[in-house]
file final.csv (CSV, N, CA and C atoms)
chain,number,residue,atom,x,y,z
A,52,MET,N,106.0,108.7,112.4
A,52,MET,CA,105.0,107.7,112.2
A,52,MET,C,103.7,108.3,111.6
A,53,ALA,N,103.6,109.6,111.5
A,53,ALA,CA,102.4,110.2,111.0
A,53,ALA,C,102.5,110.4,109.5
A,54,GLU,N,103.7,110.1,108.9
A,54,GLU,CA,103.9,110.3,107.5
A,54,GLU,C,103.9,108.9,106.8
A,55,PRO,N,102.9,108.7,105.9
A,55,PRO,CA,102.7,107.4,105.2
A,55,PRO,C,104.0,106.9,104.6
A,56,SER,N,104.8,107.7,104.0
A,56,SER,CA,106.0,107.2,103.3
A,56,SER,C,106.9,106.5,104.2
A,57,ARG,N,106.9,106.8,105.5
A,57,ARG,CA,107.7,106.1,106.5
A,57,ARG,C,107.3,104.7,106.8
A,58,TYR,N,106.2,104.3,106.4
A,58,TYR,CA,105.7,102.9,106.6
A,58,TYR,C,106.4,101.9,105.6
A,59,VAL,N,106.9,102.4,104.5
A,59,VAL,CA,107.6,101.6,103.5
A,59,VAL,C,108.9,101.2,104.3
A,60,GLY,N,109.1,99.9,104.4
A,60,GLY,CA,110.3,99.4,105.1
A,60,GLY,C,110.0,99.1,106.6
A,61,LEU,N,108.9,99.7,107.1
A,61,LEU,CA,108.5,99.4,108.5
A,61,LEU,C,107.8,98.1,108.5
A,62,SER,N,107.0,97.8,107.5
A,62,SER,CA,106.4,96.5,107.3
A,62,SER,C,107.1,95.8,106.2
A,63,PRO,N,107.4,94.5,106.4
A,63,PRO,CA,108.0,93.8,105.3
A,63,PRO,C,107.1,93.5,104.1
A,64,LEU,N,105.8,93.8,104.3
A,64,LEU,CA,104.9,93.6,103.1
A,64,LEU,C,104.7,94.9,102.3
A,65,LEU,N,104.9,96.0,102.9
A,65,LEU,CA,104.5,97.3,102.3
A,65,LEU,C,105.7,97.7,101.4
A,66,VAL,N,105.3,97.9,100.1
A,66,VAL,CA,106.3,98.2,99.1
A,66,VAL,C,106.1,99.6,98.5
A,67,ALA,N,104.9,100.2,98.6
A,67,ALA,CA,104.6,101.5,98.0
A,67,ALA,C,103.5,102.2,98.7
A,68,VAL,N,103.5,103.5,98.7
A,68,VAL,CA,102.4,104.4,99.2
A,68,VAL,C,102.2,105.4,98.1
A,69,ARG,N,100.9,105.6,97.9
A,69,ARG,CA,100.5,106.6,96.8
A,69,ARG,C,99.2,107.3,97.1
A,70,ASP,N,98.8,108.2,96.4
A,70,ASP,CA,97.6,109.0,96.5
A,70,ASP,C,97.3,109.4,97.9
A,71,VAL,N,98.3,110.1,98.5
A,71,VAL,CA,98.2,110.6,99.9
A,71,VAL,C,97.3,111.9,99.9
A,72,ARG,N,96.2,111.8,100.7
A,72,ARG,CA,95.3,113.0,100.8
A,72,ARG,C,95.2,113.3,102.3
A,73,ARG,N,95.3,114.6,102.6
A,73,ARG,CA,95.2,115.0,104.0
A,73,ARG,C,93.9,115.9,104.2
A,74,SER,N,93.3,115.7,105.4
A,74,SER,CA,92.2,116.4,105.8
A,74,SER,C,92.2,116.7,107.3
A,75,GLY,N,92.7,117.8,107.6
A,75,GLY,CA,92.9,118.1,109.1
A,75,GLY,C,94.0,117.2,109.6
A,76,GLY,N,93.7,116.5,110.7
A,76,GLY,CA,94.7,115.6,111.3
A,76,GLY,C,94.6,114.2,110.7
A,77,THR,N,93.8,114.0,109.7
A,77,THR,CA,93.6,112.6,109.1
A,77,THR,C,94.3,112.5,107.8
A,78,VAL,N,94.9,111.4,107.5
A,78,VAL,CA,95.6,111.2,106.3
A,78,VAL,C,94.9,109.9,105.7
A,79,HIS,N,94.5,110.0,104.4
A,79,HIS,CA,94.0,108.8,103.6
A,79,HIS,C,95.1,108.5,102.6
A,80,TYR,N,95.4,107.3,102.3
A,80,TYR,CA,96.3,106.9,101.2
A,80,TYR,C,96.0,105.5,100.8
A,81,THR,N,96.6,105.2,99.7
A,81,THR,CA,96.6,103.8,99.1
A,81,THR,C,98.0,103.2,99.3
A,82,ALA,N,98.0,102.0,99.8
A,82,ALA,CA,99.3,101.3,100.0
A,82,ALA,C,99.3,100.0,99.2
A,83,VAL,N,100.5,99.5,98.9
A,83,VAL,CA,100.6,98.3,98.2
A,83,VAL,C,101.4,97.3,99.1
A,84,GLU,N,100.7,96.2,99.4
A,84,GLU,CA,101.3,95.1,100.1
A,84,GLU,C,101.7,94.1,99.1
A,85,ARG,N,102.9,93.6,99.2
A,85,ARG,CA,103.4,92.5,98.3
A,85,ARG,C,103.5,91.2,99.1
A,86,PHE,N,102.7,90.2,98.7
A,86,PHE,CA,102.7,88.9,99.2
A,86,PHE,C,103.5,88.0,98.3
A,87,ARG,N,104.3,87.1,98.8
A,87,ARG,CA,105.0,86.1,98.0
A,87,ARG,C,104.5,84.7,98.5
A,88,PHE,N,104.1,83.9,97.6
A,88,PHE,CA,103.7,82.5,97.9
A,88,PHE,C,104.6,81.5,97.3
A,89,LEU,N,105.1,80.6,98.1
A,89,LEU,CA,106.0,79.5,97.6
A,89,LEU,C,107.3,80.1,97.1
A,90,GLY,N,107.6,81.4,97.4
A,90,GLY,CA,108.8,82.0,97.0
A,90,GLY,C,108.8,82.4,95.5
A,91,VAL,N,107.8,82.1,94.8
A,91,VAL,CA,107.8,82.4,93.4
A,91,VAL,C,106.6,83.3,93.0
A,92,LEU,N,105.4,82.9,93.4
A,92,LEU,CA,104.2,83.7,93.0
A,92,LEU,C,104.1,85.0,93.8
A,93,ARG,N,103.8,86.1,93.1
A,93,ARG,CA,103.7,87.4,93.7
A,93,ARG,C,102.3,87.9,93.6
A,94,HIS,N,101.8,88.5,94.7
A,94,HIS,CA,100.5,89.2,94.6
A,94,HIS,C,100.6,90.5,95.3
A,95,ASP,N,100.2,91.6,94.5
A,95,ASP,CA,100.2,92.9,95.1
A,95,ASP,C,98.8,93.2,95.6
A,96,ASN,N,98.7,93.4,96.9
A,96,ASN,CA,97.4,93.7,97.5
A,96,ASN,C,97.2,95.2,97.7
A,97,ILE,N,96.3,95.8,97.0
A,97,ILE,CA,96.1,97.3,97.1
A,97,ILE,C,95.1,97.5,98.3
A,98,ILE,N,95.6,98.3,99.2
A,98,ILE,CA,94.7,98.6,100.4
A,98,ILE,C,94.5,100.1,100.6
A,99,ASP,N,93.4,100.4,101.2
A,99,ASP,CA,93.1,101.8,101.5
A,99,ASP,C,93.3,102.0,103.0
A,100,VAL,N,94.1,103.0,103.3
A,100,VAL,CA,94.5,103.3,104.7
A,100,VAL,C,94.0,104.6,105.2
A,101,THR,N,93.5,104.7,106.4
A,101,THR,CA,93.2,105.9,107.1
A,101,THR,C,94.2,106.0,108.3
A,102,LEU,N,94.8,107.1,108.5
A,102,LEU,CA,95.7,107.3,109.6
A,102,LEU,C,95.4,108.6,110.3
A,103,VAL,N,95.3,108.6,111.7
A,103,VAL,CA,95.1,109.7,112.5
A,103,VAL,C,96.2,109.8,113.5
A,104,ALA,N,96.9,111.0,113.5
A,104,ALA,CA,98.0,111.2,114.5
A,104,ALA,C,97.5,112.2,115.5
A,105,VAL,N,97.7,111.8,116.8
A,105,VAL,CA,97.3,112.6,117.9
A,105,VAL,C,98.6,113.0,118.6
A,106,SER,N,99.0,114.2,118.6
A,106,SER,CA,100.3,114.7,119.1
A,106,SER,C,100.2,115.5,120.4
A,107,ASP,N,99.0,115.6,120.9
A,107,ASP,CA,98.7,116.4,122.1
A,107,ASP,C,99.6,116.2,123.2
A,108,GLY,N,100.1,115.0,123.4
A,108,GLY,CA,100.9,114.6,124.6
A,108,GLY,C,102.4,114.8,124.3
A,109,LEU,N,102.8,115.2,123.1
A,109,LEU,CA,104.3,115.4,122.9
A,109,LEU,C,104.9,116.3,123.8
A,110,PRO,N,106.1,116.1,124.2
A,110,PRO,CA,107.0,115.1,123.8
A,110,PRO,C,106.9,113.8,124.7
A,111,GLN,N,106.0,113.7,125.6
A,111,GLN,CA,105.9,112.6,126.5
A,111,GLN,C,105.2,111.4,125.8
A,112,SER,N,104.3,111.6,125.0
A,112,SER,CA,103.6,110.5,124.3
A,112,SER,C,102.9,111.0,123.0
A,113,ALA,N,102.6,110.0,122.2
A,113,ALA,CA,102.0,110.3,120.9
A,113,ALA,C,101.1,109.0,120.6
A,114,GLU,N,100.1,109.2,119.8
A,114,GLU,CA,99.2,108.1,119.4
A,114,GLU,C,98.9,108.2,117.9
A,115,ILE,N,98.9,107.1,117.2
A,115,ILE,CA,98.6,107.0,115.8
A,115,ILE,C,97.6,105.9,115.7
A,116,SER,N,96.4,106.1,115.1
A,116,SER,CA,95.4,105.1,114.9
A,116,SER,C,94.8,105.2,113.5
A,117,GLY,N,94.1,104.2,113.2
A,117,GLY,CA,93.4,104.2,111.8
A,117,GLY,C,92.8,102.9,111.5
A,118,GLU,N,92.5,102.8,110.2
A,118,GLU,CA,91.9,101.6,109.7
A,118,GLU,C,92.5,101.2,108.3
A,119,VAL,N,92.6,99.9,108.0
A,119,VAL,CA,93.0,99.4,106.8
A,119,VAL,C,91.8,98.7,106.2
A,120,ARG,N,91.5,98.9,104.9
A,120,ARG,CA,90.5,98.2,104.2
A,120,ARG,C,91.1,97.5,103.0
A,121,SER,N,91.1,96.2,103.0
A,121,SER,CA,91.7,95.4,102.0
A,121,SER,C,90.7,94.7,101.2
A,122,PRO,N,91.0,94.3,100.0
A,122,PRO,CA,90.1,93.5,99.2
A,122,PRO,C,89.7,92.2,99.9
A,123,GLY,N,88.6,91.7,99.5
A,123,GLY,CA,88.2,90.4,100.2
A,123,GLY,C,87.6,90.7,101.5
A,124,ARG,N,87.1,91.9,101.8
A,124,ARG,CA,86.5,92.3,103.1
A,124,ARG,C,87.3,92.1,104.3
A,125,VAL,N,88.6,92.2,104.2
A,125,VAL,CA,89.5,92.1,105.3
A,125,VAL,C,89.7,93.6,105.8
A,126,ARG,N,89.4,93.7,107.1
A,126,ARG,CA,89.5,95.1,107.8
A,126,ARG,C,90.3,95.0,109.0
A,127,MET,N,91.1,96.0,109.2
A,127,MET,CA,92.0,96.0,110.4
A,127,MET,C,92.0,97.4,111.0
A,128,SER,N,91.7,97.6,112.2
A,128,SER,CA,91.9,98.8,112.9
A,128,SER,C,93.1,98.7,113.7
A,129,TYR,N,93.9,99.8,113.9
A,129,TYR,CA,95.1,99.7,114.6
A,129,TYR,C,95.3,101.0,115.4
A,130,ARG,N,96.2,100.8,116.4
A,130,ARG,CA,96.6,101.9,117.3
A,130,ARG,C,98.0,101.7,117.8
A,131,PHE,N,98.8,102.7,117.6
A,131,PHE,CA,100.2,102.7,118.2
A,131,PHE,C,100.2,103.8,119.2
A,132,THR,N,100.8,103.5,120.3
A,132,THR,CA,101.1,104.6,121.3
A,132,THR,C,102.6,104.5,121.5
A,133,ILE,N,103.2,105.7,121.6
A,133,ILE,CA,104.6,105.8,121.9
A,133,ILE,C,104.7,106.7,123.2
A,134,ASP,N,105.2,106.1,124.3
A,134,ASP,CA,105.3,106.8,125.5
A,134,ASP,C,106.8,106.9,126.0
A,135,ARG,N,107.2,108.0,126.4
A,135,ARG,CA,108.5,108.2,126.9
A,135,ARG,C,108.7,107.4,128.2
A,136,HIS,N,109.8,106.8,128.3
A,136,HIS,CA,110.1,105.9,129.5
A,136,HIS,C,111.5,106.3,129.9
A,137,GLU,N,111.9,106.0,131.1
A,137,GLU,CA,113.2,106.4,131.7
A,137,GLU,C,114.3,105.8,130.9
A,138,ALA,N,114.1,104.6,130.3
A,138,ALA,CA,115.2,104.0,129.5
A,138,ALA,C,115.0,104.2,128.0
A,139,GLY,N,114.1,105.1,127.6
A,139,GLY,CA,113.9,105.4,126.1
A,139,GLY,C,112.4,105.6,125.9
A,140,CYS,N,111.8,104.6,125.3
A,140,CYS,CA,110.3,104.7,125.1
A,140,CYS,C,109.7,103.3,125.0
A,141,VAL,N,108.4,103.3,125.2
A,141,VAL,CA,107.6,102.1,125.1
A,141,VAL,C,106.6,102.3,124.0
A,142,VAL,N,106.6,101.3,123.1
A,142,VAL,CA,105.6,101.3,122.0
A,142,VAL,C,104.6,100.2,122.2
A,143,THR,N,103.3,100.6,122.2
A,143,THR,CA,102.2,99.6,122.3
A,143,THR,C,101.5,99.6,120.9
A,144,ASP,N,101.4,98.4,120.3
A,144,ASP,CA,100.9,98.3,119.0
A,144,ASP,C,99.7,97.3,119.1
A,145,THR,N,98.5,97.9,118.9
A,145,THR,CA,97.2,97.1,119.0
A,145,THR,C,96.5,97.0,117.7
A,146,LEU,N,96.1,95.8,117.3
A,146,LEU,CA,95.4,95.5,116.1
A,146,LEU,C,94.1,94.8,116.4
A,147,HIS,N,93.0,95.2,115.6
A,147,HIS,CA,91.8,94.5,115.7
A,147,HIS,C,91.5,94.1,114.2
A,148,LEU,N,91.3,92.8,114.0
A,148,LEU,CA,91.2,92.2,112.7
A,148,LEU,C,89.8,91.6,112.4
A,149,ARG,N,89.2,91.9,111.3
A,149,ARG,CA,87.9,91.4,110.9
A,149,ARG,C,88.1,90.8,109.5
A,150,THR,N,87.7,89.6,109.3
A,150,THR,CA,87.8,88.9,108.0
A,150,THR,C,86.5,88.1,107.7
A,151,PRO,N,86.3,87.7,106.5
A,151,PRO,CA,85.3,86.7,106.2
A,151,PRO,C,85.7,85.4,106.7
A,152,PRO,N,84.8,84.4,106.9
A,152,PRO,CA,85.2,83.1,107.3
A,152,PRO,C,86.2,82.5,106.3
A,153,GLY,N,87.2,81.8,106.9
A,153,GLY,CA,88.2,81.1,106.1
A,153,GLY,C,89.5,82.0,105.9
A,154,LEU,N,89.4,83.3,106.2
A,154,LEU,CA,90.6,84.1,106.0
A,154,LEU,C,91.3,84.5,107.3
A,155,LEU,N,90.6,84.3,108.4
A,155,LEU,CA,91.2,84.8,109.7
A,155,LEU,C,92.5,84.3,110.0
A,156,ARG,N,92.8,83.0,109.9
A,156,ARG,CA,94.1,82.4,110.3
A,156,ARG,C,95.2,83.0,109.4
A,157,PHE,N,95.0,83.1,108.1
A,157,PHE,CA,96.0,83.6,107.2
A,157,PHE,C,96.2,85.1,107.6
A,158,ALA,N,95.2,85.9,107.7
A,158,ALA,CA,95.3,87.3,107.9
A,158,ALA,C,96.0,87.6,109.3
A,159,ALA,N,95.6,86.8,110.3
A,159,ALA,CA,96.2,87.0,111.6
A,159,ALA,C,97.7,86.6,111.6
A,160,SER,N,98.0,85.5,110.9
A,160,SER,CA,99.5,85.2,110.9
A,160,SER,C,100.3,86.3,110.2
A,161,GLN,N,99.7,86.8,109.1
A,161,GLN,CA,100.4,87.9,108.4
A,161,GLN,C,100.6,89.1,109.3
A,162,ALA,N,99.5,89.5,109.9
A,162,ALA,CA,99.5,90.7,110.8
A,162,ALA,C,100.5,90.5,112.0
A,163,GLY,N,100.5,89.3,112.5
A,163,GLY,CA,101.4,89.0,113.6
A,163,GLY,C,102.9,89.1,113.2
A,164,ALA,N,103.2,88.6,112.0
A,164,ALA,CA,104.5,88.6,111.5
A,164,ALA,C,104.9,90.1,111.2
A,165,VAL,N,104.0,90.9,110.7
A,165,VAL,CA,104.3,92.3,110.4
A,165,VAL,C,104.5,93.0,111.8
A,166,GLN,N,103.7,92.7,112.8
A,166,GLN,CA,104.0,93.4,114.1
A,166,GLN,C,105.4,93.0,114.6
A,167,GLN,N,105.8,91.8,114.5
A,167,GLN,CA,107.1,91.4,115.0
A,167,GLN,C,108.2,92.2,114.2
A,168,ALA,N,108.1,92.2,112.9
A,168,ALA,CA,109.1,92.9,112.1
A,168,ALA,C,109.1,94.4,112.4
A,169,ARG,N,107.9,95.0,112.6
A,169,ARG,CA,107.7,96.4,112.9
A,169,ARG,C,108.4,96.7,114.2
A,170,ALA,N,108.3,95.8,115.2
A,170,ALA,CA,109.0,96.0,116.5
A,170,ALA,C,110.5,96.1,116.3
A,171,ARG,N,111.0,95.2,115.5
A,171,ARG,CA,112.5,95.3,115.3
A,171,ARG,C,112.9,96.5,114.5
A,172,VAL,N,112.2,96.9,113.5
A,172,VAL,CA,112.5,98.1,112.7
A,172,VAL,C,112.4,99.4,113.6
A,173,LEU,N,111.3,99.5,114.3
A,173,LEU,CA,111.0,100.6,115.2
A,173,LEU,C,112.1,100.7,116.3
A,174,THR,N,112.5,99.6,116.8
A,174,THR,CA,113.6,99.7,117.8
A,174,THR,C,114.9,100.3,117.2
A,175,ALA,N,115.2,99.8,116.0
A,175,ALA,CA,116.4,100.4,115.4
A,175,ALA,C,116.2,101.9,115.0
A,176,ARG,N,115.0,102.2,114.5
A,176,ARG,CA,114.8,103.6,114.1
A,176,ARG,C,114.8,104.5,115.3
A,177,LEU,N,114.2,104.1,116.4
A,177,LEU,CA,114.1,105.0,117.6
A,177,LEU,C,115.4,105.1,118.3
A,178,ALA,N,116.2,104.0,118.2
A,178,ALA,CA,117.5,104.1,118.8
A,178,ALA,C,118.4,105.1,118.2
A,179,GLY,N,118.2,105.3,116.9
A,179,GLY,CA,119.0,106.3,116.2
A,179,GLY,C,120.5,105.9,116.0
A,180,PRO,N,121.3,106.8,115.6
A,180,PRO,CA,122.7,106.5,115.4
A,180,PRO,C,123.4,106.3,116.7
A,181,ALA,N,124.3,105.4,116.8
A,181,ALA,CA,125.0,105.0,118.0
A,181,ALA,C,126.0,106.1,118.4
call {"tool": "encode", "arguments": {"input": "final.csv", "output": "structure tokens"}}
result
Amino acid sequence: MAEPSRYVGLSPLLVAVRDVRRSGGTVHYTAVERFRFLGVLRHDNIIDVTLVAVSDGLPQSAEISGEVRSPGRVRMSYRFTIDRHEAGCVVTDTLHLRTPPGLLRFAASQAGAVQQARARVLTARLAGPA
């Protein structure tokens, strides 16, 4: 989860990661989200992402947090925690979204759909081969 390239496929919107820059435990990169409207129109949203991985608690727990800056003054801070549990692990995914007036409902619906998809993909990834 601390490697930006692993987010492609984790989010149904994210199609590319580029310009990865590392500074200590912080990673900055540019990501491309692809939105489709009416199944025909396509819009590539270029976003700046900051990611910070805290592995102090490994192997029992890990935390990844950061911020996304999107055009149109949409901002999202996020935090994933992954904690070992007797049956496997528990992932807690927390988002804080800030938008200009009029964009909140759309941005929140997209973020919620991404969280649901991410939960399914993470479950499959963390389960590993059967």
call {"tool": "closest_residue", "arguments": {"input": "final.csv", "among": "A:Arg135, A:His94, A:Asp70, A:Val142", "to": "Arg171 in chain A", "atoms": "only C-alpha atoms"}}
result
A:Val142
call {"tool": "select_by_dssp", "arguments": {"input": "final.csv", "residues": "range 77-176 of chain A", "states": "helix (DSSP H, G or I)", "output": "list in words"}}
result
Pro122, Gly123, Arg124, Leu155, Arg156, Phe157, Ala158, Ala159, Ser160, Gln161, Ala162, Gly163, Ala164, Val165, Gln166, Gln167, Ala168, Arg169, Ala170, Arg171, Val172, Leu173, Thr174, Ala175 and Arg176 of chain A
call {"tool": "residues_around", "arguments": {"input": "final.csv", "residues": "Phe131 in chain A", "least_positions_apart": "3", "cutoff": "8 Å", "atoms": "only C-alpha atoms", "output": "PyMOL selection string"}}
result
chain A and resi 114-116+142-145
call {"tool": "write_last_selection", "arguments": {"input": "final.csv", "atoms": "N, CA and C atoms", "output": "PDB file, in the coordinates of the input"}}
result
ATOM      1  N   GLU A 114     100.100 109.200 119.800  1.00  0.00           N
ATOM      2  CA  GLU A 114      99.200 108.100 119.400  1.00  0.00           C
ATOM      3  C   GLU A 114      98.900 108.200 117.900  1.00  0.00           C
ATOM      4  N   ILE A 115      98.900 107.100 117.200  1.00  0.00           N
ATOM      5  CA  ILE A 115      98.600 107.000 115.800  1.00  0.00           C
ATOM      6  C   ILE A 115      97.600 105.900 115.700  1.00  0.00           C
ATOM      7  N   SER A 116      96.400 106.100 115.100  1.00  0.00           N
ATOM      8  CA  SER A 116      95.400 105.100 114.900  1.00  0.00           C
ATOM      9  C   SER A 116      94.800 105.200 113.500  1.00  0.00           C
ATOM     10  N   VAL A 142     106.600 101.300 123.100  1.00  0.00           N
ATOM     11  CA  VAL A 142     105.600 101.300 122.000  1.00  0.00           C
ATOM     12  C   VAL A 142     104.600 100.200 122.200  1.00  0.00           C
ATOM     13  N   THR A 143     103.300 100.600 122.200  1.00  0.00           N
ATOM     14  CA  THR A 143     102.200  99.600 122.300  1.00  0.00           C
ATOM     15  C   THR A 143     101.500  99.600 120.900  1.00  0.00           C
ATOM     16  N   ASP A 144     101.400  98.400 120.300  1.00  0.00           N
ATOM     17  CA  ASP A 144     100.900  98.300 119.000  1.00  0.00           C
ATOM     18  C   ASP A 144      99.700  97.300 119.100  1.00  0.00           C
ATOM     19  N   THR A 145      98.500  97.900 118.900  1.00  0.00           N
ATOM     20  CA  THR A 145      97.200  97.100 119.000  1.00  0.00           C
ATOM     21  C   THR A 145      96.500  97.000 117.700  1.00  0.00           C
TER      22      THR A 145
END
call {"tool": "atom_distance", "arguments": {"input": "final.csv", "atom1": "CA of Gly60 in chain A", "atom2": "atom N of Glu137 in chain A"}}
result
26.9 Å
call {"tool": "closest_residue", "arguments": {"input": "final.csv", "among": "A:Leu92, A:Ala82, A:Leu109, A:Ile98", "to": "Tyr58 in chain A", "atoms": "only C-alpha atoms"}}
result
A:Ala82
call {"tool": "residues_around", "arguments": {"input": "final.csv", "residues": "range 100-105 of chain A", "least_positions_apart": "3", "cutoff": "5 Å", "atoms": "all atoms listed in the file", "output": "list in words"}}
result
Gly76, Thr77, Val78, His79, Tyr80, Thr81, Ala113, Glu114, Ile115, Ser116, Gly117, Glu118 and Val119 of chain A
call {"tool": "atom_distance", "arguments": {"input": "final.csv", "atom1": "atom C of Arg85 in chain A", "atom2": "atom C of Thr174 in chain A"}}
result
23.2 Å
call {"tool": "closest_residue", "arguments": {"input": "final.csv", "among": "A:Cys140, A:Leu173, A:Leu154, A:Leu65", "to": "Arg126 in chain A", "atoms": "only C-alpha atoms"}}
result
A:Leu154
call {"tool": "closest_residue", "arguments": {"input": "final.csv", "among": "A:Leu64, A:Met127, A:Ala170, A:Ile133", "to": "Arg149 in chain A", "atoms": "only N, CA and C atoms"}}
result
A:Met127
call {"tool": "select_by_dssp", "arguments": {"input": "final.csv", "residues": "range 53-135 of chain A", "states": "strand (DSSP E)", "output": "VMD selection string"}}
result
chain A and resid 65 to 74 77 to 88 92 to 105 112 to 121 125 to 135
call {"tool": "closest_residue", "arguments": {"input": "final.csv", "among": "A:Arg93, A:Arg169, A:Arg130, A:Arg72", "to": "Val59 in chain A", "atoms": "only C-alpha atoms"}}
result
A:Arg169
call {"tool": "closest_residue", "arguments": {"input": "final.csv", "among": "A:Arg176, A:Thr132, A:Val71, A:Pro152", "to": "Ser112 in chain A", "atoms": "all atoms listed in the file"}}
result
A:Thr132
call {"tool": "atom_distance", "arguments": {"input": "final.csv", "atom1": "CA of Arg124 in chain A", "atom2": "atom C of Asn96 in chain A"}}
result
12.3 Å
